[in-house]
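Asks: Okay, handing you the structure first.
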2 protein chains.
Amino acid sequence: MKRNTIQAIACLGGRFGDQLSTVEAVRRHHATGVTAHRTELPDAVLFARATGDVVDAVRICHEHRCAIVPFGTGTSTEGQISAEQGGLTIDLSGMNRILRVSPDDLDCTVEAGVMRKTLNASLRDTGLFFPVDPGADASIGGMASTRASGTNAVRYGTMRDVVMSLSVVLADSQVIETGTRARKSSAGYDLTRLFVGAEGTLGIITEVTLRLAPIPQRIAAAVCAFSTERAAVSAVVAALQSAIPLARAELLDALQVEACNRYSKLDLAVCPTLFLEFHGTDRAVDEHVELMAEIAKEHGGGDFRWATATEERNRLWQARHDIWWAALALRPGSQGVPTDICVPISALPDVIARTQEDVSELGLIAPMCGHVGDGNFHLCILVEPDNRDEQARVAELNGRMVARAHAVGGTCTGEHGIGTGKIGYLAAERGEAMMALAAMKRALDPRNIMNPGKILHAGAYRPYQ
Amino acid sequence: MKRNTIQAIACLGGRFGDQLSTVEAVRRHHATGVTAHRTELPDAVLFARATGDVVDAVRICHEHRCAIVPFGTGTSTEGQISAEQGGLTIDLSGMNRILRVSPDDLDCTVEAGVMRKTLNASLRDTGLFFPVDPGADASIGGMASTRASGTNAVRYGTMRDVVMSLSVVLADSQVIETGTRARKSSAGYDLTRLFVGAEGTLGIITEVTLRLAPIPQRIAAAVCAFSTERAAVSAVVAALQSAIPLARAELLDALQVEACNRYSKLDLAVCPTLFLEFHGTDRAVDEHVELMAEIAKEHGGGDFRWATATEERNRLWQARHDIWWAALALRPGSQGVPTDICVPISALPDVIARTQEDVSELGLIAPMCGHVGDGNFHLCILVEPDNRDEQARVAELNGRMVARAHAVGGTCTGEHGIGTGKIGYLAAERGEAMMALAAMKRALDPRNIMNPGKILHAGAYRPYQ
């Protein structure tokens with residue numbers, strides 16, 4: 001342990017007592033999560049209970065130049081919680097109060113450790129819901145930090161869109177509020193959007209003000225089979241162009257459908273399949289469903305298979321949410337490596353087709369699912385944990401996919417973030433703009449204590465004039 | 001003229017010849033626009049034709065530490081185009097090429113000088129439109145720089161939401177692309193959102209990639225009279241809570257309705273009135289209109305007066321767009337001073353009522369219109385251009401309105417920006433977060449040459465550690 005870290009932890013121990021742990025199992029838990037990346041353990045873990053705890057911890061770490069890693073629930077996939085330089089992990093899960101819900105304003109303020117399912121459960125009586133659904137039951141602070149999205153984004157947007165304001169503890173322990181509760185504002189630089197997606201590298205989010213959505217009068221869900229992924233994507237493009245407000249448009253390839261059939265006891269035809277959901281008023285949903293069924297047919301889709309009862313709908317979407325586990329069950333004992341490119345939707349069919357060729361050429365097993373309304377899709381690449389050769393082929397596949405995304409104007413990550421895993425891809429994507437990213441980081445965290453080694457390498461600290 | 005400016009302009013003259021003007025009428029035109037604020041003239045104006053022109057001009061100005069003010073069309077209202085330190089104004093109106101339209105991706109890329117009406121005219125055959133409508137026919141670059149919005153924002157969002165990526169010339173003349181063409185991304189800091197709304201103080205926007213919307217199958221417009229502003233706002237809140245997708249929800253107070261009747265030859269009842277618009281598929285629009293009519297009735301609204309024919313609808317919305325001129329005609333020879341607060345919608349009725357009391361107490365004439373779905377409203381305060389006493393009362397009114405907005409968690413500007421006019425209000429709104437704003441500015445423009453004196457005072461350049 002570095003000397004400054006030893007001093008910082010001694011100070012933190014004096015301030016926090018039992019709230020601070022240096023037990024190895026605790027440190028290991030906080031560096032592990034669901035990621036397949038190698039991670040480093042922090043030297044201590046603080047269980048924060050209030051913003052004041054975070055302020056005091058940051059002040060001590062700032063003074064001693066000790067690294068700080070914020071931790072929500074550990075569901076990030078790109079190594080965001082790895083303590084690359086050791087130091088302190090701040091666990092925010094104890095900051096789980098819902099501070100305010102204003103039904104008339106369709107907004108609320110929560111502490112960063114509130115889980116999205118807990119929030120939705122507590123909102124039920126208000127007629128509102130929090131619409132961003134990345135699958136995992138993540139913390140709101142973590143979702144803001146990774147700019148999470150998921151199945152509903154085509155309709156309700158991503159964390160970029162629904163976060164109205166943040167309370168953030170900066171590197172010098174100053175607490176700022178990044179915005180207001182106004183639904184729009186032209187008042188100066190958009191600090192809210194700067195901290196959303198910054199993965200804790202510019203400050204620690206302690207409170208989040210969120211825009212909520214009204215629970216729709218009616219929800220209709222259906223699945224529809226296609227002969228090719230291209231046909232399914234074309235149907236979604238046609239729907240978007242016709243202004244049919246899809247609430248969800250998820251594409252599963254044949255292998256993923258097979259996995260779901262086995263794991264979730266479904267009996268879907270084993271071919272590329274769209275999972276669709278429509279939200280709205282009664283007749284509007286009827287009309288949108290009719291129009292979509294026509295469009296699907298025009299693109300060679302099969303009949304819609306309906307899930308009108310809530311129970312049936314939940315079973316279907318539970319299966320969609322469980323695809324990760326369903327995929328892993330295809331190869332018992334395997335580990336899943338997720339990919340996450342996002343491209344202009346017109347390029348999606350080709351990119352998917354070429355990716356599937358790559359998977360086959362590289363001898364990998366990798367079922368696919370996509371948030372096709374956004375041009376975003378994931379593979380779950382199934383690998384043996386200790387098979388180096390296989391892991392090299394996974395890296396090759398991921399690299400090819402990212403290069404292909406960049407070639408068509410897309411991005412290396414639609415919703416998982418950069419962490420440690422995609423730093424090289426980010427540099428390739430941003431080019432000269434990396435200078436501006438590094439300038440932001442230096443401006444707000446000149447000592448490089450906030451989640452160091454994520455998004456930017458230390459080498460990115462080039463001078464800027 | 002300062003010595004460094006003289007040198008810069010000599011260099012610029014050598015590089016640009018006839019594209020550079022030092023004629024006073026030209027300089028005056030570029031500092032005037034529609035704003036009621038005092039403005040300063042630049043020492044020269046460059047008519048840029050391509051990004052390369054902007055790069056060369058910025059390089060020369062950077063070398064000589066000469067101030068630069070970007071200019072689109074001059075429709076900003078808070079003094080954004082004033083050359084506070086003299087220097088060079090770069091007129092981008094010659095950069096008016098539509099570079100790419102991709103109907104399948106629902107996006108396009110345009111040069112910063114393209115006007116929004118021109119863009120919409122050129123999109124007509126694609127079935128798409130650019131939905132942000134601030135009233136004025138502004139340039140896309142200017143709209144991005146002020147984070148503009150307008151009547152459609154309740155449905156389609158603001159420039160924050162529709163800008164996908166920007167080409168920006170930084171203070172050191174480096175050109176960067178801030179994003180990609182992916183509809184969402186978690187790839188590092190959100191530079192796009194940082195430059196949207198930065199009013200040219202961090203860099204000059206030269207190209208804009210925009211998300212477009214499909215032209216709705218059907219558009220229905222109606223007006224509905226209410227006895228009070230409170231009743232009208234409550235109806236809109238109820239509609240939002242019921243997930244009725246309003247495309248526009250504009251409130252005019254009785255005085256503004258009277259002004260419109262006179263100016264646009266309408267015969268509306270002189271009372272608080274909602275202008276509503278619905279976009280969607282056929283039956284969905286029918287249903288939304290029915291539901292909204294019920295809600296309006298429950299809140300004491302009168303019958304809907306329909307404008308189903310395109311012609312009639314255009315006449316109605318033309319009247320809405322002309323309210324500024326209609327208001328000015330109430331007091332011939334007067335100048336209009338716009339206000340622009342935005343508050344949580346539940347606070348809107350009280351804030352409007354208190355504002356109207358203030359108007360009356362201060363002896364001013366100020367018709368009101370509001371984008372009530374967003375909680376944003378404007379007064380057009382009618383003043384005699386040289387009446388100092390009246391102008392003092394205007395400042396008092398504006399100050400009270402902003403203080404009231406801040407007291408309820410709102411913002412001093414929903415869509416007009418800060419410019420020179422609202423720097424004090426911004427500081428009051430952001431508090432400690434101003435340090436972070438100043439840090440951004442110092443990081444990207446250490447010489448303070450990019451539109452200096454806007455958003456931040458020079459005094460805001462405090463050190464940050």
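In the structure tokens, the first chain shown is A, the next is B, and so on; residue numbers restart at 1 for each chain, and ligands run from 1 in the order shown.
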Extract, using only C-alpha atoms, all DNA, RNA and protein residues at most 10 Å from Val351 (chain A), discarding same-chain residues fewer than 2 positions from it, and format them as a list in words.
Replies: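 Selected residues are Arg230, Ile341, Cys342, Val343, Ile345, Ser346, Ala347, Leu348, Pro349, Ala353, Arg354, Thr355, Gln356, Glu357, Phe377, Met401, Arg404, Ala405 and Val408 of chain A.
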Asks: Give me the residues of region 102-147 of chain B that have any atom at most 10 Å from an atom of region 313-323 of chain B; for each, the nearest atom pair and the distance in Å, rounded to one decimal. Use only C-alpha atoms, sort by chain and number, and format it as a Markdown table.
Replies:
```
| residue | atom | partner | partner_atom | distance |
| --- | --- | --- | --- | --- |
| B:Asp133 | CA | B:His321 | CA | 9.7 |
| B:Pro134 | CA | B:His321 | CA | 8.8 |
| B:Gly135 | CA | B:His321 | CA | 5.6 |
| B:Ala136 | CA | B:His321 | CA | 8.1 |
```
Asks: If we count only C-alpha atoms and set the cut-off at 6 Å, which residues sit around region 141-145 of chain A, ignoring sequence neighbours fewer than 2 positions away in its own chain? Please answer as a ChimeraX atom specification.
Replies: /A:72,112,139,147-148,159,196-199
Asks: Can I get the selected residues back with C-alpha atoms, as a PDB file, in the first residue's frame?
Replies:
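Okay, selection17.pdb is ready:
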```pdb
ATOM      1  CA  GLY A  72     -23.464   1.248  -6.462  1.00  0.00           C
ATOM      2  CA  ALA A 112     -27.716   7.587  -5.510  1.00  0.00           C
ATOM      3  CA  SER A 139     -28.644   1.730  -8.539  1.00  0.00           C
ATOM      4  CA  ARG A 147     -25.402   6.678 -18.991  1.00  0.00           C
ATOM      5  CA  ALA A 148     -27.439   3.461 -18.908  1.00  0.00           C
ATOM      6  CA  MET A 159     -30.284   8.338 -18.467  1.00  0.00           C
ATOM      7  CA  VAL A 196     -24.025  11.616 -16.609  1.00  0.00           C
ATOM      8  CA  GLY A 197     -21.778   8.992 -18.188  1.00  0.00           C
ATOM      9  CA  ALA A 198     -18.575  10.235 -16.523  1.00  0.00           C
ATOM     10  CA  GLU A 199     -18.336   6.959 -14.556  1.00  0.00           C
TER      11      GLU A 199
END
```
Asks: Kindly give the distance, in Å, that separates CA of Ala231 (chain B) and CA of Lys184 (chain A), rounded to a single decimal.
Replies: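 Distance between the two atoms: 22.5 Å.
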Asks: Quick check for you: according to DSSP on this backbone, which residues of region 19-265 of chain A are classed as strand (DSSP E or B)? Reply as an MDAnalysis selection string.
Replies: chainID A and resid 20:21 44:47 68:71 84 86 88:91 98:102 107:111 115 128:129 139 163:169 175:177 204:211 213:214 218:225 246:252
Asks: I need the residues in region 272-446 of chain A that are alpha helix (DSSP H) according to DSSP; give them as a CSV table (one decimal) with N, CA and C atoms, in the first residue's frame.
Replies:
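Output contents, as saved in out_38.csv:
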```
chain,number,residue,atom,x,y,z
A,282,ASP,N,-56.0,3.6,-25.1
A,282,ASP,CA,-56.6,2.4,-25.6
A,282,ASP,C,-56.6,2.2,-27.1
A,283,ARG,N,-57.3,3.2,-27.8
A,283,ARG,CA,-57.5,3.0,-29.2
A,283,ARG,C,-56.2,3.3,-30.0
A,284,ALA,N,-55.3,4.2,-29.4
A,284,ALA,CA,-54.0,4.4,-30.0
A,284,ALA,C,-53.2,3.2,-30.1
A,285,VAL,N,-53.2,2.4,-29.0
A,285,VAL,CA,-52.4,1.2,-29.0
A,285,VAL,C,-53.0,0.2,-30.0
A,286,ASP,N,-54.3,0.1,-30.1
A,286,ASP,CA,-54.9,-0.8,-31.1
A,286,ASP,C,-54.4,-0.4,-32.5
A,287,GLU,N,-54.5,0.9,-32.7
A,287,GLU,CA,-54.1,1.3,-34.1
A,287,GLU,C,-52.6,1.0,-34.3
A,288,HIS,N,-51.8,1.3,-33.4
A,288,HIS,CA,-50.3,1.2,-33.6
A,288,HIS,C,-50.0,-0.3,-33.8
A,289,VAL,N,-50.7,-1.2,-33.1
A,289,VAL,CA,-50.5,-2.6,-33.2
A,289,VAL,C,-50.9,-3.1,-34.6
A,290,GLU,N,-52.0,-2.6,-35.1
A,290,GLU,CA,-52.5,-3.0,-36.4
A,290,GLU,C,-51.5,-2.5,-37.5
A,291,LEU,N,-51.1,-1.3,-37.3
A,291,LEU,CA,-50.1,-0.7,-38.3
A,291,LEU,C,-48.8,-1.5,-38.3
A,292,MET,N,-48.4,-1.9,-37.1
A,292,MET,CA,-47.1,-2.6,-37.0
A,292,MET,C,-47.3,-4.0,-37.5
A,293,ALA,N,-48.4,-4.6,-37.3
A,293,ALA,CA,-48.6,-6.0,-37.9
A,293,ALA,C,-48.6,-5.9,-39.4
A,294,GLU,N,-49.2,-4.9,-40.0
A,294,GLU,CA,-49.1,-4.7,-41.5
A,294,GLU,C,-47.7,-4.6,-41.9
A,295,ILE,N,-46.9,-3.7,-41.2
A,295,ILE,CA,-45.5,-3.5,-41.6
A,295,ILE,C,-44.7,-4.8,-41.5
A,296,ALA,N,-44.9,-5.5,-40.4
A,296,ALA,CA,-44.2,-6.8,-40.2
A,296,ALA,C,-44.5,-7.7,-41.4
A,297,LYS,N,-45.8,-7.8,-41.7
A,297,LYS,CA,-46.1,-8.7,-42.8
A,297,LYS,C,-45.5,-8.3,-44.1
A,298,GLU,N,-45.5,-7.0,-44.4
A,298,GLU,CA,-44.8,-6.5,-45.6
A,298,GLU,C,-43.3,-6.9,-45.6
A,310,THR,N,-51.6,-9.5,-18.4
A,310,THR,CA,-50.4,-9.0,-17.7
A,310,THR,C,-49.4,-10.1,-17.4
A,311,GLU,N,-50.0,-11.2,-16.9
A,311,GLU,CA,-49.1,-12.4,-16.5
A,311,GLU,C,-48.3,-12.9,-17.7
A,312,GLU,N,-49.0,-13.1,-18.8
A,312,GLU,CA,-48.4,-13.6,-20.0
A,312,GLU,C,-47.3,-12.6,-20.5
A,313,ARG,N,-47.6,-11.3,-20.4
A,313,ARG,CA,-46.7,-10.3,-20.8
A,313,ARG,C,-45.4,-10.3,-19.9
A,314,ASN,N,-45.7,-10.4,-18.6
A,314,ASN,CA,-44.5,-10.4,-17.7
A,314,ASN,C,-43.7,-11.7,-18.0
A,315,ARG,N,-44.3,-12.8,-18.3
A,315,ARG,CA,-43.5,-14.0,-18.6
A,315,ARG,C,-42.6,-13.8,-19.8
A,316,LEU,N,-43.2,-13.2,-20.8
A,316,LEU,CA,-42.4,-12.9,-22.0
A,316,LEU,C,-41.2,-12.0,-21.7
A,317,TRP,N,-41.5,-10.9,-21.0
A,317,TRP,CA,-40.4,-9.9,-20.8
A,317,TRP,C,-39.5,-10.4,-19.7
A,318,GLN,N,-40.0,-11.3,-18.8
A,318,GLN,CA,-39.0,-11.9,-17.9
A,318,GLN,C,-38.0,-12.7,-18.7
A,319,ALA,N,-38.6,-13.4,-19.7
A,319,ALA,CA,-37.7,-14.2,-20.6
A,319,ALA,C,-36.7,-13.3,-21.3
A,320,ARG,N,-37.1,-12.1,-21.8
A,320,ARG,CA,-36.2,-11.2,-22.4
A,320,ARG,C,-35.2,-10.7,-21.4
A,321,HIS,N,-35.6,-10.4,-20.2
A,321,HIS,CA,-34.6,-10.0,-19.2
A,321,HIS,C,-33.7,-11.0,-18.8
A,323,ILE,N,-32.3,-13.2,-20.7
A,323,ILE,CA,-31.5,-13.8,-21.8
A,323,ILE,C,-30.1,-14.0,-21.5
A,324,TRP,N,-29.5,-13.2,-20.6
A,324,TRP,CA,-28.1,-13.4,-20.2
A,324,TRP,C,-27.9,-14.8,-19.6
A,325,TRP,N,-28.8,-15.1,-18.6
A,325,TRP,CA,-28.7,-16.4,-17.9
A,325,TRP,C,-29.1,-17.5,-18.9
A,326,ALA,N,-30.0,-17.2,-19.8
A,326,ALA,CA,-30.4,-18.2,-20.8
A,326,ALA,C,-29.2,-18.5,-21.7
A,327,ALA,N,-28.5,-17.5,-22.1
A,327,ALA,CA,-27.4,-17.7,-22.9
A,327,ALA,C,-26.3,-18.5,-22.2
A,328,LEU,N,-26.0,-18.1,-21.0
A,328,LEU,CA,-24.9,-18.8,-20.2
A,328,LEU,C,-25.3,-20.3,-20.1
A,329,ALA,N,-26.6,-20.6,-20.0
A,329,ALA,CA,-27.0,-22.0,-19.8
A,329,ALA,C,-26.8,-22.8,-21.1
A,348,LEU,N,-27.4,-1.3,-39.5
A,348,LEU,CA,-27.5,-2.4,-38.5
A,348,LEU,C,-27.5,-3.8,-39.2
A,349,PRO,N,-28.4,-4.0,-40.2
A,349,PRO,CA,-28.5,-5.4,-40.8
A,349,PRO,C,-27.1,-5.9,-41.3
A,350,ASP,N,-26.4,-5.1,-42.0
A,350,ASP,CA,-25.0,-5.5,-42.5
A,350,ASP,C,-24.1,-5.8,-41.3
A,351,VAL,N,-24.1,-4.9,-40.3
A,351,VAL,CA,-23.2,-5.0,-39.2
A,351,VAL,C,-23.5,-6.3,-38.5
A,352,ILE,N,-24.8,-6.6,-38.3
A,352,ILE,CA,-25.2,-7.9,-37.6
A,352,ILE,C,-24.7,-9.1,-38.5
A,353,ALA,N,-25.0,-9.0,-39.8
A,353,ALA,CA,-24.6,-10.1,-40.6
A,353,ALA,C,-23.1,-10.4,-40.6
A,354,ARG,N,-22.3,-9.3,-40.7
A,354,ARG,CA,-20.9,-9.5,-40.7
A,354,ARG,C,-20.4,-10.0,-39.4
A,355,THR,N,-21.0,-9.6,-38.3
A,355,THR,CA,-20.7,-10.0,-37.0
A,355,THR,C,-20.9,-11.5,-36.8
A,356,GLN,N,-22.1,-11.9,-37.3
A,356,GLN,CA,-22.4,-13.4,-37.2
A,356,GLN,C,-21.4,-14.2,-38.1
A,357,GLU,N,-20.9,-13.7,-39.2
A,357,GLU,CA,-19.9,-14.4,-39.9
A,357,GLU,C,-18.6,-14.5,-39.1
A,358,ASP,N,-18.3,-13.3,-38.4
A,358,ASP,CA,-17.1,-13.3,-37.6
A,358,ASP,C,-17.2,-14.4,-36.5
A,359,VAL,N,-18.3,-14.4,-35.8
A,359,VAL,CA,-18.5,-15.4,-34.7
A,359,VAL,C,-18.3,-16.8,-35.2
A,360,SER,N,-18.8,-17.1,-36.4
A,360,SER,CA,-18.6,-18.4,-37.0
A,360,SER,C,-17.2,-18.7,-37.4
A,361,GLU,N,-16.6,-17.7,-38.0
A,361,GLU,CA,-15.2,-17.8,-38.5
A,361,GLU,C,-14.2,-18.0,-37.3
A,388,ARG,N,-7.3,-19.3,-22.7
A,388,ARG,CA,-6.6,-18.1,-23.2
A,388,ARG,C,-6.8,-17.9,-24.7
A,389,ASP,N,-6.7,-19.1,-25.4
A,389,ASP,CA,-6.9,-19.0,-26.9
A,389,ASP,C,-8.3,-18.5,-27.2
A,390,GLU,N,-9.3,-19.0,-26.5
A,390,GLU,CA,-10.6,-18.5,-26.8
A,390,GLU,C,-10.8,-17.0,-26.4
A,391,GLN,N,-10.2,-16.6,-25.3
A,391,GLN,CA,-10.3,-15.2,-24.9
A,391,GLN,C,-9.6,-14.3,-25.9
A,392,ALA,N,-8.5,-14.8,-26.6
A,392,ALA,CA,-7.9,-14.0,-27.6
A,392,ALA,C,-8.8,-13.8,-28.8
A,393,ARG,N,-9.6,-14.9,-29.1
A,393,ARG,CA,-10.5,-14.8,-30.2
A,393,ARG,C,-11.7,-13.9,-29.9
A,394,VAL,N,-12.1,-13.9,-28.6
A,394,VAL,CA,-13.1,-12.9,-28.1
A,394,VAL,C,-12.6,-11.5,-28.3
A,395,ALA,N,-11.4,-11.2,-27.9
A,395,ALA,CA,-10.8,-9.9,-28.1
A,395,ALA,C,-10.8,-9.5,-29.6
A,396,GLU,N,-10.4,-10.5,-30.4
A,396,GLU,CA,-10.4,-10.2,-31.9
A,396,GLU,C,-11.8,-9.9,-32.4
A,397,LEU,N,-12.8,-10.6,-31.9
A,397,LEU,CA,-14.2,-10.4,-32.3
A,397,LEU,C,-14.7,-9.0,-31.9
A,398,ASN,N,-14.4,-8.7,-30.6
A,398,ASN,CA,-14.8,-7.4,-30.1
A,398,ASN,C,-14.2,-6.2,-30.9
A,399,GLY,N,-12.9,-6.4,-31.2
A,399,GLY,CA,-12.1,-5.4,-32.0
A,399,GLY,C,-12.7,-5.2,-33.3
A,400,ARG,N,-13.0,-6.3,-34.0
A,400,ARG,CA,-13.6,-6.2,-35.3
A,400,ARG,C,-15.0,-5.5,-35.3
A,401,MET,N,-15.8,-5.8,-34.3
A,401,MET,CA,-17.1,-5.2,-34.2
A,401,MET,C,-17.0,-3.7,-34.0
A,402,VAL,N,-16.1,-3.3,-33.1
A,402,VAL,CA,-15.9,-1.9,-32.8
A,402,VAL,C,-15.4,-1.2,-34.1
A,403,ALA,N,-14.5,-1.8,-34.8
A,403,ALA,CA,-13.9,-1.1,-36.0
A,403,ALA,C,-15.1,-1.0,-37.0
A,404,ARG,N,-15.9,-2.0,-37.1
A,404,ARG,CA,-17.0,-1.9,-38.0
A,404,ARG,C,-18.0,-0.8,-37.6
A,405,ALA,N,-18.3,-0.7,-36.3
A,405,ALA,CA,-19.1,0.4,-35.8
A,405,ALA,C,-18.6,1.7,-36.2
A,406,HIS,N,-17.3,1.9,-35.9
A,406,HIS,CA,-16.6,3.2,-36.3
A,406,HIS,C,-16.7,3.5,-37.7
A,407,ALA,N,-16.6,2.4,-38.6
A,407,ALA,CA,-16.5,2.6,-40.0
A,407,ALA,C,-17.9,3.2,-40.5
A,423,ILE,N,-11.0,1.6,-23.1
A,423,ILE,CA,-10.2,2.9,-23.2
A,423,ILE,C,-9.6,3.0,-24.6
A,424,GLY,N,-9.1,1.9,-25.1
A,424,GLY,CA,-8.4,2.0,-26.4
A,424,GLY,C,-9.4,2.3,-27.5
A,425,TYR,N,-10.6,1.7,-27.4
A,425,TYR,CA,-11.7,1.9,-28.4
A,425,TYR,C,-12.2,3.3,-28.3
A,426,LEU,N,-12.2,3.9,-27.1
A,426,LEU,CA,-12.7,5.3,-27.0
A,426,LEU,C,-11.7,6.2,-27.7
A,427,ALA,N,-10.4,6.0,-27.5
A,427,ALA,CA,-9.4,6.8,-28.1
A,427,ALA,C,-9.6,6.8,-29.6
A,428,ALA,N,-9.8,5.6,-30.1
A,428,ALA,CA,-10.0,5.4,-31.6
A,428,ALA,C,-11.2,6.2,-32.1
A,429,GLU,N,-12.3,6.1,-31.2
A,429,GLU,CA,-13.5,6.8,-31.6
A,429,GLU,C,-13.5,8.3,-31.6
A,430,ARG,N,-12.8,8.8,-30.6
A,430,ARG,CA,-12.9,10.2,-30.4
A,430,ARG,C,-11.8,11.0,-31.1
A,434,MET,N,-10.2,13.6,-27.9
A,434,MET,CA,-9.7,13.1,-26.6
A,434,MET,C,-9.0,14.2,-25.8
A,435,MET,N,-8.4,15.2,-26.6
A,435,MET,CA,-7.8,16.3,-25.9
A,435,MET,C,-8.8,17.1,-25.0
A,436,ALA,N,-10.0,17.2,-25.6
A,436,ALA,CA,-11.0,18.0,-24.9
A,436,ALA,C,-11.5,17.1,-23.7
A,437,LEU,N,-11.6,15.8,-23.8
A,437,LEU,CA,-12.0,15.0,-22.7
A,437,LEU,C,-11.0,15.1,-21.6
A,438,ALA,N,-9.7,15.0,-22.0
A,438,ALA,CA,-8.6,15.1,-21.0
A,438,ALA,C,-8.6,16.5,-20.3
A,439,ALA,N,-9.0,17.5,-21.1
A,439,ALA,CA,-9.0,18.8,-20.5
A,439,ALA,C,-10.1,18.9,-19.4
A,440,MET,N,-11.3,18.3,-19.7
A,440,MET,CA,-12.4,18.3,-18.7
A,440,MET,C,-11.9,17.6,-17.4
A,441,LYS,N,-11.3,16.5,-17.6
A,441,LYS,CA,-10.8,15.7,-16.5
A,441,LYS,C,-9.8,16.5,-15.6
A,442,ARG,N,-8.8,17.1,-16.3
A,442,ARG,CA,-7.8,17.9,-15.6
A,442,ARG,C,-8.4,19.0,-14.9
A,443,ALA,N,-9.4,19.6,-15.5
A,443,ALA,CA,-10.1,20.8,-14.9
A,443,ALA,C,-10.8,20.5,-13.6
A,444,LEU,N,-11.5,19.3,-13.6
A,444,LEU,CA,-12.3,19.0,-12.4
A,444,LEU,C,-11.6,18.1,-11.5
```
Asks: Give me, as a PDB file with N, CA and C atoms, in the first residue's frame, all polymer residues having an atom no more than 7 Å from region 28-34 of chain A, counting only C-alpha atoms and skipping those fewer than 4 positions away in the same chain.
Replies:
```pdb
ATOM      1  N   GLU A  24     -10.614  -8.346   3.629  1.00  0.00           N
ATOM      2  CA  GLU A  24     -10.363  -8.692   2.233  1.00  0.00           C
ATOM      3  C   GLU A  24     -11.614  -9.117   1.485  1.00  0.00           C
ATOM      4  N   THR A  39      -9.888  -7.176 -12.311  1.00  0.00           N
ATOM      5  CA  THR A  39     -10.076  -5.975 -11.487  1.00  0.00           C
ATOM      6  C   THR A  39      -9.107  -5.965 -10.320  1.00  0.00           C
ATOM      7  N   GLU A  40      -8.842  -4.767  -9.812  1.00  0.00           N
ATOM      8  CA  GLU A  40      -7.948  -4.584  -8.667  1.00  0.00           C
ATOM      9  C   GLU A  40      -8.777  -4.266  -7.424  1.00  0.00           C
ATOM     10  N   LEU A  41      -8.294  -4.737  -6.266  1.00  0.00           N
ATOM     11  CA  LEU A  41      -9.013  -4.493  -5.014  1.00  0.00           C
ATOM     12  C   LEU A  41      -8.694  -3.110  -4.448  1.00  0.00           C
ATOM     13  N   GLY A  74     -22.437  -2.883  -8.442  1.00  0.00           N
ATOM     14  CA  GLY A  74     -21.477  -3.765  -9.092  1.00  0.00           C
ATOM     15  C   GLY A  74     -21.996  -4.425 -10.349  1.00  0.00           C
ATOM     16  N   THR A  75     -23.016  -3.858 -10.982  1.00  0.00           N
ATOM     17  CA  THR A  75     -23.550  -4.475 -12.198  1.00  0.00           C
ATOM     18  C   THR A  75     -22.944  -3.893 -13.475  1.00  0.00           C
ATOM     19  N   SER A  76     -21.969  -3.011 -13.361  1.00  0.00           N
ATOM     20  CA  SER A  76     -21.303  -2.491 -14.559  1.00  0.00           C
ATOM     21  C   SER A  76     -20.460  -3.596 -15.193  1.00  0.00           C
ATOM     22  N   THR A  77     -20.260  -3.503 -16.497  1.00  0.00           N
ATOM     23  CA  THR A  77     -19.642  -4.633 -17.215  1.00  0.00           C
ATOM     24  C   THR A  77     -18.235  -4.351 -17.734  1.00  0.00           C
ATOM     25  N   ILE A  81     -15.681  -0.611 -11.584  1.00  0.00           N
ATOM     26  CA  ILE A  81     -15.488  -0.622 -10.130  1.00  0.00           C
ATOM     27  C   ILE A  81     -14.107  -1.108  -9.711  1.00  0.00           C
ATOM     28  N   SER A  82     -13.247  -1.398 -10.675  1.00  0.00           N
ATOM     29  CA  SER A  82     -11.901  -1.841 -10.327  1.00  0.00           C
ATOM     30  C   SER A  82     -11.113  -0.684  -9.693  1.00  0.00           C
ATOM     31  N   ALA A  83     -10.438  -0.974  -8.582  1.00  0.00           N
ATOM     32  CA  ALA A  83      -9.616   0.058  -7.927  1.00  0.00           C
ATOM     33  C   ALA A  83      -8.215  -0.001  -8.529  1.00  0.00           C
TER      34      ALA A  83
END
```
Asks: Sorted by chain and rising residue number, which residues of region 180-267 of chain B lie within 7 Å of region 200-223 of chain A, and what are their closest atom pairs and distances in Å to one decimal, counting only C-alpha atoms, as CSV?
Replies:
```
residue,atom,partner,partner_atom,distance
B:Gln241,CA,A:Pro214,CA,5.5
B:Ser242,CA,A:Pro214,CA,6.4
B:Ala243,CA,A:Pro214,CA,5.7
```
Asks: Have a look at A:Val233, A:Leu456, A:Met95, A:Ala153 and name the one nearest to Gly414 (chain A); count only C-alpha atoms.
Replies: A:Ala153
Asks: Write out as a PyMOL selection string each polymer residue whose atoms come within 9 Å of Leu252 (chain B), counting only C-alpha atoms; drop sequence neighbours fewer than 4 positions from it.
Replies: chain B and resi 229+256-257+271-275+320+367-370
Asks: Using Å and a single decimal, report how far CA of Asp340 (chain B) sits from CA of Thr89 (chain B).
Replies: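 Separating CA of Thr89 (chain B) from CA of Asp340 (chain B) is a distance of 26.3 Å.
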